[in-house]
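*Asks:* File name upload36.tsv; file contents TSV, C-alpha atoms; full text below.
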chain	number	residue	atom	x	y	z
A	1154	MET	CA	0.05	43.23	3.66
A	1155	THR	CA	2.04	44.02	0.60
A	1156	ALA	CA	2.40	41.91	-2.45
A	1157	ARG	CA	5.48	41.92	-4.55
A	1158	ARG	CA	6.48	39.56	-7.27
A	1159	ASP	CA	9.71	38.50	-8.80
A	1160	PRO	CA	10.80	40.82	-11.62
A	1161	PRO	CA	10.30	38.71	-14.72
A	1162	ALA	CA	11.98	39.60	-17.96
A	1163	ASP	CA	8.66	39.72	-19.79
A	1164	ARG	CA	5.59	40.74	-17.81
A	1165	ARG	CA	3.12	40.08	-20.56
A	1166	PRO	CA	0.66	37.25	-20.04
A	1167	ALA	CA	1.76	33.87	-21.18
A	1168	ALA	CA	-0.83	33.84	-23.94
A	1169	ALA	CA	0.49	37.08	-25.39
A	1170	ARG	CA	4.06	35.87	-25.27
A	1171	SER	CA	3.11	32.67	-26.93
A	1172	ALA	CA	1.11	34.45	-29.63
A	1173	THR	CA	4.09	36.49	-30.80
A	1174	ARG	CA	6.33	33.55	-31.35
A	1175	THR	CA	7.24	32.84	-34.92
A	1176	ASP	CA	9.76	30.13	-34.41
A	1177	SER	CA	7.78	27.19	-35.73
A	1178	PRO	CA	4.30	26.43	-36.91
A	1179	GLN	CA	2.11	24.87	-34.25
A	1180	THR	CA	-1.05	22.92	-34.39
A	1181	PRO	CA	-3.89	24.54	-32.44
A	1182	ALA	CA	-3.87	21.77	-29.87
A	1183	ARG	CA	-0.14	22.00	-29.32
A	1184	GLY	CA	-0.37	25.75	-29.03
A	1185	ARG	CA	-3.03	25.48	-26.37
A	1186	VAL	CA	-0.93	23.02	-24.43
A	1187	LEU	CA	2.09	25.29	-24.64
A	1188	ARG	CA	0.09	28.31	-23.53
A	1189	LEU	CA	-1.35	26.34	-20.64
A	1190	GLY	CA	2.13	25.24	-19.68
A	1191	GLU	CA	3.40	28.79	-19.73
A	1192	ARG	CA	0.49	29.98	-17.65
A	1193	LEU	CA	1.20	27.30	-15.10
A	1194	ALA	CA	4.87	28.26	-15.11
A	1195	ASP	CA	3.90	31.88	-14.52
A	1196	LEU	CA	1.63	30.85	-11.71
A	1197	ALA	CA	4.34	28.74	-10.11
A	1198	ALA	CA	6.90	31.52	-10.45
A	1199	THR	CA	4.53	34.03	-8.91
A	1200	TRP	CA	3.10	32.00	-6.07
A	1201	GLY	CA	5.55	29.15	-5.57
A	1202	THR	CA	7.58	30.78	-2.83
A	1203	THR	CA	4.52	31.99	-0.98
A	1204	THR	CA	2.88	28.58	-1.21
A	1205	GLY	CA	5.99	26.86	0.03
A	1206	ARG	CA	6.34	29.35	2.84
A	1207	VAL	CA	2.76	28.87	4.02
A	1208	LEU	CA	2.95	25.10	3.75
A	1209	LEU	CA	6.21	25.02	5.68
A	1210	GLY	CA	4.53	27.22	8.27
A	1211	LEU	CA	1.63	24.80	8.53
A	1212	VAL	CA	4.02	21.91	9.08
A	1213	LEU	CA	5.80	23.78	11.85
A	1214	ALA	CA	2.50	24.88	13.37
A	1215	TRP	CA	1.20	21.33	13.48
A	1216	PHE	CA	4.30	19.98	15.19
A	1217	GLY	CA	4.65	22.98	17.47
A	1218	TYR	CA	1.06	22.78	18.65
A	1219	HIS	CA	1.23	19.08	19.38
A	1220	GLU	CA	4.57	19.38	21.14
A	1221	LEU	CA	3.05	22.04	23.37
A	1222	ILE	CA	-0.15	20.17	24.06
A	1223	GLN	CA	1.31	16.72	24.63
A	1224	PRO	CA	5.04	17.05	25.14
A	1225	ALA	CA	5.39	13.60	26.62
A	1226	LEU	CA	4.68	12.02	23.25
A	1227	TRP	CA	7.67	13.73	21.69
A	1228	THR	CA	10.39	13.23	24.28
A	1229	GLY	CA	11.75	10.29	22.32
A	1230	TYR	CA	13.21	12.81	19.90
A	1231	VAL	CA	15.24	14.65	22.54
A	1232	PRO	CA	18.83	13.53	22.28
A	1233	GLY	CA	20.81	12.59	25.33
A	1234	VAL	CA	18.01	12.93	27.84
A	1235	HIS	CA	15.83	10.26	29.39
A	1236	ALA	CA	12.46	10.36	27.68
A	1237	ALA	CA	10.53	10.33	30.95
A	1238	SER	CA	12.48	13.15	32.58
A	1239	ALA	CA	11.22	16.63	33.31
A	1240	THR	CA	14.16	18.01	31.34
A	1241	ALA	CA	12.97	16.26	28.21
A	1242	ILE	CA	9.46	17.65	28.71
A	1243	ALA	CA	10.82	21.17	29.17
A	1244	LEU	CA	12.98	20.89	26.07
A	1245	VAL	CA	10.06	19.66	23.98
A	1246	LEU	CA	7.91	22.54	25.24
A	1247	ALA	CA	10.61	25.05	24.36
A	1248	HIS	CA	11.01	23.47	20.96
A	1249	GLY	CA	7.27	23.57	20.36
A	1250	TRP	CA	7.09	27.21	21.40
A	1251	VAL	CA	9.82	28.16	18.95
A	1252	LEU	CA	8.15	26.16	16.20
A	1253	LEU	CA	4.85	27.95	16.82
A	1254	LEU	CA	6.51	31.36	16.57
A	1255	LEU	CA	8.32	30.39	13.39
A	1256	ALA	CA	5.11	29.01	11.94
A	1257	VAL	CA	3.22	32.25	12.49
A	1258	ALA	CA	6.13	34.25	11.12
A	1259	LEU	CA	6.23	32.12	7.97
A	1260	ILE	CA	2.50	32.06	7.37
A	1261	ALA	CA	2.06	35.79	7.98
A	1262	GLY	CA	5.26	36.66	6.22
A	1263	ILE	CA	6.98	38.33	9.16
A	1264	ALA	CA	10.67	38.42	8.29
A	1265	PRO	CA	10.06	35.28	6.27
A	1266	ARG	CA	13.67	34.72	5.29
A	1267	ALA	CA	14.85	34.94	8.86
A	1268	ALA	CA	12.06	32.61	9.98
A	1269	ALA	CA	12.88	30.15	7.23
A	1270	GLY	CA	16.55	30.34	8.12
A	1271	LEU	CA	15.85	29.55	11.76
A	1272	ALA	CA	13.52	26.76	10.70
A	1273	ALA	CA	16.32	25.40	8.52
A	1274	LEU	CA	18.66	25.40	11.51
A	1275	LEU	CA	16.13	23.51	13.62
A	1276	LEU	CA	15.48	21.04	10.85
A	1277	ALA	CA	19.20	20.56	10.28
A	1278	GLN	CA	19.58	19.71	13.94
A	1279	ILE	CA	16.74	17.21	13.69
A	1280	VAL	CA	18.15	15.61	10.55
A	1281	ILE	CA	21.62	15.32	12.06
A	1282	TRP	CA	20.24	13.78	15.23
A	1283	LEU	CA	18.05	11.31	13.38
A	1284	TRP	CA	20.94	10.40	11.12
A	1285	ALA	CA	23.27	9.93	14.04
A	1286	SER	CA	20.81	7.90	16.07
A	1287	ALA	CA	19.17	5.73	13.45
A	1288	GLY	CA	21.09	6.23	10.24
A	1289	LEU	CA	19.62	7.25	6.94
A	1290	SER	CA	15.99	6.23	6.92
A	1291	ASP	CA	12.75	7.27	5.33
A	1292	LEU	CA	12.06	9.44	8.35
A	1293	THR	CA	15.40	11.20	8.03
A	1294	LEU	CA	15.08	11.78	4.31
A	1295	ARG	CA	11.59	13.15	4.72
A	1296	ASP	CA	12.97	15.80	7.01
A	1297	VAL	CA	15.78	16.44	4.54
A	1298	GLY	CA	13.09	17.43	2.05
A	1299	VAL	CA	11.52	19.86	4.50
A	1300	LEU	CA	14.97	21.22	5.25
A	1301	GLY	CA	15.45	21.83	1.55
A	1302	LEU	CA	12.19	23.74	1.39
A	1303	ALA	CA	13.26	25.94	4.30
A	1304	LEU	CA	16.60	26.65	2.66
A	1305	CYS	CA	14.86	27.48	-0.61
A	1306	ILE	CA	12.58	30.00	1.10
A	1307	THR	CA	15.55	31.48	2.93
A	1308	SER	CA	17.18	32.22	-0.40
A	1309	ARG	CA	14.21	34.04	-1.95
A	1310	THR	CA	14.21	37.80	-1.58
A	1311	GLU	CA	10.78	38.44	-3.04
A	1312	GLN	CA	7.73	37.35	-1.09
A	1313	ARG	CA	4.05	37.80	-1.76
A	1314	PHE	CA	1.66	38.40	1.11
A	1315	ALA	CA	4.37	39.38	3.52
A	1316	LEU	CA	3.39	41.37	6.58
A	1317	ARG	CA	5.60	44.44	6.58
A	1318	ASN	CA	5.51	47.89	8.05
B	1464	MET	CA	12.81	47.36	13.42
B	1465	ASN	CA	14.69	46.64	10.25
B	1466	VAL	CA	17.10	43.86	9.81
B	1467	ARG	CA	19.00	43.00	6.72
B	1468	ILE	CA	16.81	40.04	6.00
B	1469	GLY	CA	13.60	42.05	6.01
B	1470	PRO	CA	11.55	44.53	7.95
B	1471	VAL	CA	9.34	43.64	10.86
B	1472	GLY	CA	6.64	46.19	11.50
B	1473	PRO	CA	4.60	46.81	14.61
B	1474	ARG	CA	1.81	44.58	13.38
B	1475	GLY	CA	4.25	41.76	12.89
B	1476	LEU	CA	5.72	42.24	16.33
B	1477	ALA	CA	2.24	42.34	17.83
B	1478	LEU	CA	1.28	39.12	16.09
B	1479	LEU	CA	4.46	37.44	17.26
B	1480	GLY	CA	3.81	38.70	20.78
B	1481	VAL	CA	0.32	37.27	20.82
B	1482	THR	CA	1.66	34.01	19.45
B	1483	ALA	CA	4.31	33.90	22.14
B	1484	VAL	CA	1.69	34.35	24.85
B	1485	VAL	CA	-0.53	31.68	23.32
B	1486	GLY	CA	2.50	29.41	23.17
B	1487	VAL	CA	3.18	29.95	26.85
B	1488	VAL	CA	-0.43	29.13	27.70
B	1489	LEU	CA	-0.27	25.96	25.62
B	1490	ALA	CA	3.07	25.05	27.18
B	1491	ASN	CA	1.57	25.52	30.62
B	1492	HIS	CA	-1.18	23.14	29.64
B	1493	GLY	CA	1.37	20.69	28.28
B	1494	TRP	CA	3.44	20.89	31.43
B	1495	SER	CA	0.37	20.16	33.52
B	1496	THR	CA	0.03	16.83	31.74
B	1497	TYR	CA	3.42	15.77	33.02
B	1498	HIS	CA	3.25	13.74	36.18
B	1499	GLY	CA	6.69	12.26	36.42
B	1500	THR	CA	6.05	9.47	33.99
B	1501	THR	CA	5.47	9.56	30.32
B	1502	PRO	CA	1.79	9.36	29.54
B	1503	GLY	CA	1.12	7.28	26.52
B	1504	SER	CA	4.45	5.65	26.84
B	1505	LEU	CA	5.41	2.16	27.68
B	1506	ALA	CA	8.26	3.52	29.73
B	1507	GLY	CA	7.92	2.71	33.36
B	1508	GLY	CA	4.20	2.21	33.18
B	1509	PRO	CA	1.79	-0.65	33.18
B	1510	THR	CA	1.97	-3.01	30.30
B	1511	ALA	CA	-0.87	-1.60	28.29
B	1512	GLN	CA	-0.62	2.01	29.26
B	1513	VAL	CA	-0.14	3.07	25.68
B	1514	ALA	CA	-3.51	1.70	24.82
B	1515	SER	CA	-5.11	4.30	27.00
B	1516	THR	CA	-3.13	7.29	25.88
B	1517	PRO	CA	-5.31	10.26	24.98
B	1518	ALA	CA	-3.36	10.77	21.81
B	1519	ALA	CA	-3.61	7.29	20.46
B	1520	ARG	CA	-4.70	7.91	16.88
B	1521	PRO	CA	-6.66	4.74	16.40
B	1522	ALA	CA	-9.10	5.90	19.04
B	1523	ALA	CA	-7.58	3.58	21.53
B	1524	ALA	CA	-7.41	6.71	23.56
B	1525	ASP	CA	-11.03	7.09	24.30
B	1526	HIS	CA	-11.71	3.50	24.96
B	1527	SER	CA	-11.90	2.12	28.40
B	1528	HIS	CA	-11.64	-1.49	27.33
B	1529	SER	CA	-8.02	-1.52	26.43
B	1530	ALA	CA	-5.67	-4.04	27.84
B	1531	GLN	CA	-4.94	-1.68	30.67
B	1532	PRO	CA	-4.94	-3.66	33.86
B	1533	SER	CA	-7.09	-2.44	36.67
B	1534	SER	CA	-4.94	-3.42	39.57
B	1535	GLY	CA	-1.59	-1.83	39.08
B	1536	PRO	CA	1.69	-2.83	37.64
B	1537	SER	CA	1.55	-6.50	38.36
B	1538	GLY	CA	-2.16	-6.97	38.21
B	1539	SER	CA	-3.92	-9.67	36.32
B	1540	ALA	CA	-6.60	-9.46	33.70
B	1541	SER	CA	-10.27	-9.54	34.58
B	1542	SER	CA	-13.45	-9.91	32.56
B	1543	PRO	CA	-13.27	-9.58	28.79
B	1544	GLY	CA	-14.52	-6.50	27.05
B	1545	PRO	CA	-15.72	-5.94	23.50
B	1546	LEU	CA	-14.36	-7.62	20.44
B	1547	LEU	CA	-11.16	-6.10	19.17
B	1548	SER	CA	-12.54	-6.37	15.66
B	1549	SER	CA	-15.36	-4.03	16.63
B	1550	GLU	CA	-12.97	-1.32	17.72
B	1551	PRO	CA	-12.08	1.53	15.38
B	1552	TYR	CA	-8.38	0.92	15.88
B	1553	ALA	CA	-8.65	-2.75	14.91
B	1554	GLN	CA	-7.31	-1.95	11.47
B	1555	TYR	CA	-4.05	-0.83	13.04
B	1556	ALA	CA	-3.67	-3.86	15.31
B	1557	VAL	CA	-1.04	-6.41	14.40
B	1558	GLN	CA	-0.90	-9.75	16.18
B	1559	VAL	CA	2.47	-10.42	17.73
B	1560	TRP	CA	1.52	-13.43	19.85
B	1561	PRO	CA	1.06	-16.28	19.25
B	1562	GLY	CA	2.40	-17.22	15.91
B	1563	PRO	CA	5.39	-16.44	13.77
B	1564	GLN	CA	6.61	-12.89	13.62
B	1565	THR	CA	5.31	-11.48	10.39
B	1566	THR	CA	6.93	-8.57	8.62
B	1567	ALA	CA	4.05	-6.37	9.72
B	1568	ALA	CA	4.51	-7.47	13.31
B	1569	GLN	CA	8.21	-6.74	13.21
B	1570	ALA	CA	7.51	-3.29	11.78
B	1571	ALA	CA	4.87	-2.56	14.40
B	1572	LEU	CA	7.27	-3.62	17.14
B	1573	THR	CA	9.86	-1.06	16.07
B	1574	GLY	CA	11.17	0.66	19.14
B	1575	LEU	CA	9.14	-1.55	21.46
B	1576	THR	CA	9.88	-4.69	23.38
B	1577	VAL	CA	7.04	-7.09	24.07
B	1578	LYS	CA	7.80	-10.31	25.89
B	1579	VAL	CA	5.28	-13.09	26.40
B	1580	ARG	CA	6.18	-15.99	28.66
B	1581	SER	CA	4.29	-18.98	29.89
B	1582	VAL	CA	3.91	-18.99	33.63
B	1583	ALA	CA	1.84	-20.97	36.04
B	1584	GLY	CA	-1.77	-20.14	35.39
B	1585	GLY	CA	-1.36	-18.28	32.16
B	1586	LEU	CA	0.89	-15.95	30.31
B	1587	SER	CA	3.08	-13.12	31.48
B	1588	VAL	CA	3.13	-10.12	29.16
B	1589	THR	CA	5.78	-7.46	29.51
B	1590	ALA	CA	5.99	-4.41	27.29
B	1591	GLY	CA	8.46	-1.58	27.20
B	1592	VAL	CA	10.30	0.92	25.08
B	1593	ASN	CA	13.74	0.11	23.75
B	1594	GLY	CA	16.42	1.65	25.88
B	1595	GLN	CA	14.15	2.22	28.83
B	1596	PRO	CA	13.35	0.11	31.86
B	1597	ALA	CA	10.77	-2.54	31.19
B	1598	ALA	CA	7.41	-2.31	32.88
B	1599	ALA	CA	6.19	-4.87	35.35
B	1600	PRO	CA	4.71	-7.98	33.76
B	1601	HIS	CA	0.99	-8.62	33.69
B	1602	LEU	CA	-0.64	-11.97	33.99
B	1603	TYR	CA	-3.32	-13.17	31.63
B	1604	PRO	CA	-5.05	-16.52	31.31
B	1605	GLY	CA	-3.73	-18.96	28.76
B	1606	GLY	CA	-4.78	-18.65	25.16
B	1607	VAL	CA	-4.64	-14.89	24.97
B	1608	ARG	CA	-3.53	-13.02	21.90
B	1609	VAL	CA	-1.30	-10.02	22.02
B	1610	TYR	CA	-1.60	-7.22	19.50
B	1611	VAL	CA	0.46	-4.10	18.92
B	1612	VAL	CA	-1.44	-1.09	17.65
B	1613	GLU	CA	0.64	1.11	15.38
B	1614	ALA	CA	-1.35	3.77	13.57
B	1615	THR	CA	1.50	5.07	11.48
B	1616	MET	CA	4.99	3.89	10.72
B	1617	GLY	CA	6.07	7.42	9.84
B	1618	ASP	CA	7.52	8.02	13.28
B	1619	ASP	CA	9.51	4.79	13.33
B	1620	SER	CA	13.08	4.84	12.22
B	1621	GLY	CA	15.63	2.10	12.58
B	1622	ALA	CA	15.08	0.58	15.99
B	1623	SER	CA	13.38	3.64	17.44
B	1624	ASP	CA	9.76	4.70	17.72
B	1625	TYR	CA	9.95	8.43	18.25
B	1626	ASN	CA	6.30	9.11	18.93
B	1627	LEU	CA	4.48	6.66	21.13
B	1628	GLY	CA	1.21	8.51	20.80
B	1629	ASP	CA	0.05	6.26	18.01
B	1630	ASP	CA	1.14	3.00	19.64
B	1631	GLY	CA	-0.78	0.65	21.84
B	1632	LEU	CA	-0.81	-2.83	23.22
B	1633	VAL	CA	-3.98	-4.88	23.32
B	1634	VAL	CA	-4.48	-8.30	24.82
B	1635	THR	CA	-7.54	-10.33	23.88
B	1636	ASP	CA	-8.85	-13.71	24.87
B	1637	ALA	CA	-9.04	-16.56	22.41
B	1638	ARG	CA	-12.36	-15.26	21.06
B	1639	GLY	CA	-10.92	-11.87	20.32
B	1640	ARG	CA	-12.49	-10.05	23.26
B	1641	ILE	CA	-10.32	-7.38	24.80
B	1642	LEU	CA	-9.19	-8.19	28.30
B	1643	GLN	CA	-9.36	-5.43	30.79
Take the structure in the file and write it out as C-alpha cells.

*Replies:*
Amino acid sequence: MTARRDPPADRRPAAARSATRTDSPQTPARGRVLRLGERLADLAATWGTTTGRVLLGLVLAWFGYHELIQPALWTGYVPGVHAASATAIALVLAHGWVLLLLAVALIAGIAPRAAAGLAALLLAQIVIWLWASAGLSDLTLRDVGVLGLALCITSRTEQRFALRN
Amino acid sequence: MNVRIGPVGPRGLALLGVTAVVGVVLANHGWSTYHGTTPGSLAGGPTAQVASTPAARPAAADHSHSAQPSSGPSGSASSPGPLLSSEPYAQYAVQVWPGPQTTAAQAALTGLTVKVRSVAGGLSVTAGVNGQPAAAPHLYPGGVRVYVVEATMGDDSGASDYNLGDDGLVVTDARGRILQ
C-alpha cells in the first residue's frame, strides 16, 4: 500500500495557515470556527477521493454479491430478455461477477481510475436503460448520482491507500 | 503490468484473481438456484409464490404460513395460520382488497397485477408481474383480505418493479389470519 496525497499549495496545518492571516480582526469564537472549517476542508481534500472510492466499491460489492447469490431477483433489470429465461440469469450472473471484481479493485485501489471508469460505463448503461424503460424517476436519478461519483473518481489522479507494485 | 491509468502490481493481480474465482463459485451457487422459473417472482408461479421467496426482506421468506397454496397452481386455501399482524413483515403489508385503492396500495402494486374476482364459493385471486404471463388463479373463501408486501419502494420505477425479492402477496381471512 502506498499513500499519496494531492499536492496542495500550502502544506502547513490549517491552524498554522489561519494563525498567519492578518486580513481582518477575528473574535476568538469566529477564529475557532474558521480553523475548524479549514481542518475539515483539509480532511475532505485529503481523504475525499479515497472515501468515495471505497464507498462506491461497497455499493458495487453489495449489488454484485446479491446478483451472484440470487440472480433470479434481478432479472427484471435485464433489457430485452424475458425475466424468467436462462439467458437473463446468465447475464445477471455475468454482471454480478464484473461488479464484484470492480468493487474489489476500487476498495483495494487496484487501478482505481480504470475500475471507476468501467463502473461508470456500467452505471451509464443502467441509467440509460432505466430512463428508456421507465423515464426519469427517483430510481434513475439515484443511479445518476452514483454515476457522477464514478466519473469523479475516474478523473482523480491521486489516490490514497492504493495497492500498487 | 503498467497501463496509462495506473500500475497494477502482482499483489493486485493476485487479489483480482482470487476475487474472480470467488465470483465464479458464487455464480455457480446462483445458477444452481435457477430451476426454469423465477424464484421469488410472481411470473409463472403460484399466486403467492413471492411470499415464500428466501430473499423477501420482511421475513416473509422464512415463514411457512404465507399465502402460498399447498396444492399447486389452482389449489384452494386451507386452514388459517397465524395473525398477519403478528408477523414481522406486517409493517410492510398494504391491503389491496377489499376497499378503495389507497395511494399506498397503488404504490405497493407497482409492477404487479393482482386481480380479485368473486366466483362461486369464494374469491379468485390472481397475481402476476406486469408484462409477464399471469399465474393461475387461487380460490379462497369469501371475506378474505388481500395484502401486498412491499419492503422497499426503492426498486420500483414507473410501472416496473425491478426487484421482486422484497415483494409478497398475503391472503388472510376476515379475522386477519393468514391462509395457507

*Asks:* At a cut-off of 12 Å from (-0.8, 24.4, 19.5) in the coordinates of the file, what residues are picked up using all atoms listed in the file, written as a ChimeraX atom specification?

*Replies:* /A:1211-1224,1246,1248-1254,1256-1257 /B:1482-1493

*Asks:* May I have the selected residues written with C-alpha atoms, as a PDB file, in the coordinates of the input?

*Replies:*
ATOM      1  CA  LEU A1211       1.630  24.800   8.530  1.00  0.00           C
ATOM      2  CA  VAL A1212       4.020  21.910   9.080  1.00  0.00           C
ATOM      3  CA  LEU A1213       5.800  23.780  11.850  1.00  0.00           C
ATOM      4  CA  ALA A1214       2.500  24.880  13.370  1.00  0.00           C
ATOM      5  CA  TRP A1215       1.200  21.330  13.480  1.00  0.00           C
ATOM      6  CA  PHE A1216       4.300  19.980  15.190  1.00  0.00           C
ATOM      7  CA  GLY A1217       4.650  22.980  17.470  1.00  0.00           C
ATOM      8  CA  TYR A1218       1.060  22.780  18.650  1.00  0.00           C
ATOM      9  CA  HIS A1219       1.230  19.080  19.380  1.00  0.00           C
ATOM     10  CA  GLU A1220       4.570  19.380  21.140  1.00  0.00           C
ATOM     11  CA  LEU A1221       3.050  22.040  23.370  1.00  0.00           C
ATOM     12  CA  ILE A1222      -0.150  20.170  24.060  1.00  0.00           C
ATOM     13  CA  GLN A1223       1.310  16.720  24.630  1.00  0.00           C
ATOM     14  CA  PRO A1224       5.040  17.050  25.140  1.00  0.00           C
ATOM     15  CA  LEU A1246       7.910  22.540  25.240  1.00  0.00           C
ATOM     16  CA  HIS A1248      11.010  23.470  20.960  1.00  0.00           C
ATOM     17  CA  GLY A1249       7.270  23.570  20.360  1.00  0.00           C
ATOM     18  CA  TRP A1250       7.090  27.210  21.400  1.00  0.00           C
ATOM     19  CA  VAL A1251       9.820  28.160  18.950  1.00  0.00           C
ATOM     20  CA  LEU A1252       8.150  26.160  16.200  1.00  0.00           C
ATOM     21  CA  LEU A1253       4.850  27.950  16.820  1.00  0.00           C
ATOM     22  CA  LEU A1254       6.510  31.360  16.570  1.00  0.00           C
ATOM     23  CA  ALA A1256       5.110  29.010  11.940  1.00  0.00           C
ATOM     24  CA  VAL A1257       3.220  32.250  12.490  1.00  0.00           C
TER      25      VAL A1257
ATOM     26  CA  THR B1482       1.660  34.010  19.450  1.00  0.00           C
ATOM     27  CA  ALA B1483       4.310  33.900  22.140  1.00  0.00           C
ATOM     28  CA  VAL B1484       1.690  34.350  24.850  1.00  0.00           C
ATOM     29  CA  VAL B1485      -0.530  31.680  23.320  1.00  0.00           C
ATOM     30  CA  GLY B1486       2.500  29.410  23.170  1.00  0.00           C
ATOM     31  CA  VAL B1487       3.180  29.950  26.850  1.00  0.00           C
ATOM     32  CA  VAL B1488      -0.430  29.130  27.700  1.00  0.00           C
ATOM     33  CA  LEU B1489      -0.270  25.960  25.620  1.00  0.00           C
ATOM     34  CA  ALA B1490       3.070  25.050  27.180  1.00  0.00           C
ATOM     35  CA  ASN B1491       1.570  25.520  30.620  1.00  0.00           C
ATOM     36  CA  HIS B1492      -1.180  23.140  29.640  1.00  0.00           C
ATOM     37  CA  GLY B1493       1.370  20.690  28.280  1.00  0.00           C
TER      38      GLY B1493
END

*Asks:* Report, in Å to a single decimal, how far apart atom CA of Gly1301 of chain A and atom CA of Ser1286 of chain A are.

*Replies:*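 A separation of 20.8 Å between them.
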
*Asks:* Using all atoms listed in the file for the distances, tell me which of B:Leu1586, B:Val1592, B:Val1577, B:Ala1556 is nearest to chain A.

*Replies:*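 Answer, going by the shortest atom-to-atom distance: B:Val1592.
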
*Asks:* Residues near segment 1303-1306 of chain A, anyone? I mean within 9 Å using all atoms listed in the file, not counting same-chain ones fewer than 6 positions away, as a ChimeraX atom specification.

*Replies:* /A:1202-1203,1205-1206,1209,1265-1266,1268-1273,1276

*Asks:* Calculate how many Å separate atom CA of Thr1496 of chain B from atom CA of Thr1576 of chain B, rounding to one decimal.

*Replies:*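 If I compute the distance from atom CA of Thr1496 of chain B to atom CA of Thr1576 of chain B, I get 25.1 Å.
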
*Asks:* Give me, as a list in words, all polymer residues having an atom no more than 9 Å from Val1231 of chain A, counting only C-alpha atoms and skipping those fewer than 5 positions away in the same chain.

*Replies:*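 Listing them by chain and then by number gives Ala1236, Ala1241, Ile1242, Leu1244, Val1245 and Trp1282 of chain A.
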
*Asks:* Find, counting all atoms listed in the file, the residue in A:Pro1232, A:Ala1237, A:Glu1191, A:Ala1182 that gets nearest to chain B.

*Replies:*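 Looking at the shortest contact to chain B, the residue is A:Ala1237.
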
*Asks:* So how far away is atom CA of Val1633 of chain B from atom CA of Gly1544 of chain B, in Å?

*Replies:*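 It comes out at 11.3 Å.
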